[in-house]
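Undergrad: This structure is in structure tokens; I'll ask about it shortly.
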Amino acid sequence: MTRAQPLIQARGLVKRFGDFTAVDGIDVEVRSGEAFGFLGPNGAGKSSTMRMVGCISPPSGGELRILGMDPVRDGPAIRARLGVCPQLDNLDPELTVRENLTTYARYFGIPRRTARARAAELLDFVQLSERADSKVEPLSGGMKRRLTIARALVNEPEIVLLDEPTTGLDPQARHLVWERLFRLKQQGVTLVLTTHYMDEAEQLCDRLVVMDGGRIVAEGSPRALIERHSTREVVELRFAAESQEAFAGKLDGLGERVEVLPDRILLYVADGDAAVAEVGALGLTPANVLVRRSSLEDVFLHLTGRTLVD
Amino acid sequence: MSVAQQARERARPPLPRVPAVAVFAHYLVGYRRTWRAGVFSSFLLPVLTVLGFGVGVGAYIDQGVDGVRYLDWIVPGLIASTALQVAIGESTWPVFSNFQWIKTYFAQSAAPLRVGDILTGHLAFVLFRVLTTIAAFLLVTALFGALRSPWALATLPVVALLGLAVAAPTFAYASVVSSDSWLAMLFRFAVIPMTLFAGVFFPVESLPVALRWLAYLTPLWHGVDLCRAAALGVAAQWSVPGHLLYLAAWALGGWLLARRGFRRKLVV
């Protein structure tokens, strides 16, 4: 394997379930040491992609190479070098925290003594040392998640796959998970994650793709995506009247784009303060004005729409 | 490849030679916490059945069966039916749960294991449960003086084969059913009728001819006949290689079906 070769390379990758196409011909390259994100609403094809990369779901079409190998033929050899943190925890509730790590280590051929030492290190890393001998059942959601992450690291993987790593966690638990993942990244571990939290993507990802309906609709660093698909700033106006629609017509031509929502109007502009002054000059007096920087969330909603996906 | 990667590659241990052993070890670690509760029932159950049927019912059966005391006659049958109960009990809810509830199989399939390893490792644990339960049963019945010869030990390989013959197809069944109420049906419509009519408590020959053939088709009858031949030192009612091949066919067929069922769930 040469230095330039990406760890994960997909070309025209397709996954079909019967008539349904979950992943519809995507091209992805993940390089060593980066944190790569798959963003998208539910049903965008993120998890199907992750399962193919995890070598438990054979592609229906296209090309996929992981660590230079073929996931269908070399599944076990690739999985020996991956760490997988699934969307739903699948820890063994009958075992203790420590045993969940040591029994899993044996699947990788790790000798018992090494497994014990590594379990102790990893429990320290995810701050669960004090619970090492407690059962898994009574642990909080955040603790279980951290244990699942520790389990994914038991074989010192080169790539760690995280499917929605912080979904369902409280803010404290999320920040702790982010901080641990950031530490891993610093250690040179390649992270691949899916998320529908924009703040998570902005915090963790060097590069990401936005998926919608099985296709990639945008690709780049969070910063680049914002620059390309949104304006520098966003002005949020709320009018006291029942319908915001009445005011929308008057704002036409202000900024690059005007978006009318049931409760507020968004102006996508380069200079927020200047836009607010122009609104004042038009004689409009919104009840509430907020000027903020564009976020990845604006890009995401712009690209994948505001319609609810279930 | 970077220097750090090369170093990691050197440090990476070779994958386990028999990965199913690592899977089996996982279940043993879990069993270490629960065996005490199980050991009570595996001693108590044989004591109660031997007392209830062998001694209690046996008191009314003066002539015995096939020329042996009813107690002696029934013990090998109970050995086989206990093996059946344990094998199927360990292959229904535990397998279903590993797919639907605690999802252990999915965790295992993310590791460098193949579907066959995941299946075989779990089956090995079921076999372990069958063998330890029957060993306990033999010990208890020996204390009651209901074992006539050391040949009774030959029932151990028989129950191992019987266990696989019923556990493997049950794994297949538990891997495809959509709800756990189907598992209760298996007990109602397969395990209980088999236990009652496959020659455990009375000879199959007492059944009407049509039912008799149904009994002959059950794997349990073949296990019962072999256990009885071993424990009583009498000739089997049917060919011994025939019995062994018939049970092996159930085990192999069940394993292949189970692997297909597992693959459909785990590799999608």
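Identifiers in this document derive from the order of the structure tokens: chains are assigned A, B, ..., residues are numbered from 1 separately in each chain, and ligands are numbered from 1 in order of occurrence.
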Residues of chain B were defined as contacting chain A if any atom lay at most 6 Å from it, counting only C-alpha atoms; please report them as a ChimeraX atom specification.
TA: /B:1,15-16,22,26,30,102-103,107,111-112,267-268
Undergrad: Excluding Gly12 in chain A and any residue of its chain fewer than 5 positions from it, enumerate the residues within 8 Å of it, using only C-alpha atoms, and give them as an MDAnalysis selection string.
TA: chainID A and resid 24:27 61:63
Undergrad: Pick out each residue of range 35-230 of chain A that DSSP on the backbone tags as strand (DSSP E); I need them as a ChimeraX atom specification.
TA: /A:35-39,61-66,82-85,159-163,190-195,207-212,215-220
Undergrad: For the atom pair CA of Ala132 in chain A and CA of Arg98 in chain A, what is the interatomic distance in Å to one decimal place?
TA: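 Rounded to one decimal, the two atoms are 5.0 Å apart.
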Undergrad: Please, which residues of range 32-224 of chain B, numbered as in this document, come out helix (DSSP H, G or I) from DSSP, as a PyMOL selection string?
TA: chain B and resi 32-60+70-91+93-100+104-109+115-143+150-176+181-197+204-206+209-217+219-224
Undergrad: Could you pull the residues within 8 Å of Ala236 in chain B, counting only C-alpha atoms, minus those fewer than 5 positions along the same chain, as JSON, numbers by chain?
TA: {"B": [225, 226, 228, 229]}
Undergrad: Measuring between only C-alpha atoms, which one of A:Arg292, A:His302, A:Arg223, A:Arg11 shows the shortest distance to Val258 in chain A?
TA: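 Among A:Arg292, A:His302, A:Arg223, A:Arg11, it is A:His302 that comes nearest to Val258 in chain A.
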Undergrad: What's around Ser221 in chain A at 12 Å? Count only C-alpha atoms, leave out sequence neighbours fewer than 5 positions away in its own chain, and write the answer as JSON, numbers by chain.
TA: {"A": [34, 35, 36, 37, 38, 201, 202, 203, 204, 205, 206, 207, 208, 209, 210, 226, 227, 228, 229, 296]}
Undergrad: List the neighbours of range 171-182 of chain A out to 10 Å using only C-alpha atoms; skip same-chain residues closer than 4 positions along the sequence, and give me the result as a list in words.
TA: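 Final neighbour list, sorted by chain and number: Ala35, Phe125, Val126, Gln127, Ser140, Gly141, Gly142, Met143, Arg145, Arg146, Ile149, Val160, Leu162, Pro165, Thr166, Thr167, Gln186, Gln187, Val189, Leu191, Glu200, Gln203, Leu204 and Cys205 of chain A.
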Undergrad: Selected residues, N, CA and C atoms, written as an mmCIF file, in the first residue's frame, please.
TA:
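Contents of the output file selection-v4.cif:
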data_model
loop_
_atom_site.group_PDB
_atom_site.id
_atom_site.type_symbol
_atom_site.label_atom_id
_atom_site.label_comp_id
_atom_site.auth_asym_id
_atom_site.auth_seq_id
_atom_site.Cartn_x
_atom_site.Cartn_y
_atom_site.Cartn_z
ATOM 1 N N ALA A 35 -10.707 12.859 9.863
ATOM 2 C CA ALA A 35 -12.025 12.541 10.393
ATOM 3 C C ALA A 35 -13.025 12.883 9.311
ATOM 4 N N PHE A 125 -9.323 5.427 29.544
ATOM 5 C CA PHE A 125 -9.498 6.394 28.457
ATOM 6 C C PHE A 125 -10.946 6.893 28.370
ATOM 7 N N VAL A 126 -11.914 6.002 28.552
ATOM 8 C CA VAL A 126 -13.318 6.433 28.456
ATOM 9 C C VAL A 126 -13.928 6.727 29.836
ATOM 10 N N GLN A 127 -13.054 6.814 30.829
ATOM 11 C CA GLN A 127 -13.457 7.186 32.186
ATOM 12 C C GLN A 127 -14.509 6.251 32.772
ATOM 13 N N SER A 140 -25.611 4.259 32.590
ATOM 14 C CA SER A 140 -26.380 5.269 31.856
ATOM 15 C C SER A 140 -26.091 5.155 30.363
ATOM 16 N N GLY A 141 -26.923 5.812 29.557
ATOM 17 C CA GLY A 141 -26.743 5.779 28.110
ATOM 18 C C GLY A 141 -25.363 6.261 27.693
ATOM 19 N N GLY A 142 -24.898 7.328 28.343
ATOM 20 C CA GLY A 142 -23.590 7.874 27.998
ATOM 21 C C GLY A 142 -22.460 6.906 28.333
ATOM 22 N N MET A 143 -22.613 6.208 29.468
ATOM 23 C CA MET A 143 -21.581 5.237 29.865
ATOM 24 C C MET A 143 -21.545 4.066 28.897
ATOM 25 N N ARG A 145 -22.413 4.080 25.824
ATOM 26 C CA ARG A 145 -21.832 4.563 24.571
ATOM 27 C C ARG A 145 -20.306 4.580 24.656
ATOM 28 N N ARG A 146 -19.805 5.089 25.794
ATOM 29 C CA ARG A 146 -18.351 5.150 25.966
ATOM 30 C C ARG A 146 -17.756 3.748 25.993
ATOM 31 N N ILE A 149 -17.555 2.492 22.546
ATOM 32 C CA ILE A 149 -16.402 3.097 21.864
ATOM 33 C C ILE A 149 -15.112 2.395 22.311
ATOM 34 N N VAL A 160 -11.784 3.826 12.688
ATOM 35 C CA VAL A 160 -12.910 3.611 13.592
ATOM 36 C C VAL A 160 -14.174 4.133 12.918
ATOM 37 N N LEU A 162 -18.041 5.108 13.289
ATOM 38 C CA LEU A 162 -18.985 5.490 14.340
ATOM 39 C C LEU A 162 -20.306 5.893 13.691
ATOM 40 N N PRO A 165 -22.628 8.547 16.718
ATOM 41 C CA PRO A 165 -22.024 8.240 18.020
ATOM 42 C C PRO A 165 -22.678 8.933 19.214
ATOM 43 N N THR A 166 -23.371 10.036 19.016
ATOM 44 C CA THR A 166 -23.903 10.716 20.207
ATOM 45 C C THR A 166 -25.419 10.864 20.193
ATOM 46 N N THR A 167 -26.085 10.151 19.290
ATOM 47 C CA THR A 167 -27.548 10.236 19.262
ATOM 48 C C THR A 167 -28.122 9.746 20.588
ATOM 49 N N GLN A 186 -6.189 12.901 17.271
ATOM 50 C CA GLN A 186 -4.833 13.409 17.513
ATOM 51 C C GLN A 186 -3.808 12.285 17.509
ATOM 52 N N GLN A 187 -4.252 11.100 17.937
ATOM 53 C CA GLN A 187 -3.333 9.961 17.958
ATOM 54 C C GLN A 187 -3.132 9.364 16.574
ATOM 55 N N VAL A 189 -5.627 8.161 14.546
ATOM 56 C CA VAL A 189 -6.641 7.184 14.136
ATOM 57 C C VAL A 189 -7.587 7.853 13.145
ATOM 58 N N LEU A 191 -11.045 8.490 11.599
ATOM 59 C CA LEU A 191 -12.430 8.363 12.081
ATOM 60 C C LEU A 191 -13.390 8.532 10.906
ATOM 61 N N GLU A 200 -22.003 18.450 15.696
ATOM 62 C CA GLU A 200 -21.081 17.327 15.794
ATOM 63 C C GLU A 200 -20.150 17.297 14.576
ATOM 64 N N GLN A 203 -17.681 20.080 14.796
ATOM 65 C CA GLN A 203 -16.689 19.826 15.838
ATOM 66 C C GLN A 203 -15.631 18.829 15.384
ATOM 67 N N LEU A 204 -16.085 17.760 14.746
ATOM 68 C CA LEU A 204 -15.199 16.606 14.564
ATOM 69 C C LEU A 204 -14.618 16.432 13.171
ATOM 70 N N CYS A 205 -15.370 16.835 12.133
ATOM 71 C CA CYS A 205 -14.992 16.386 10.796
ATOM 72 C C CYS A 205 -14.036 17.349 10.090
#
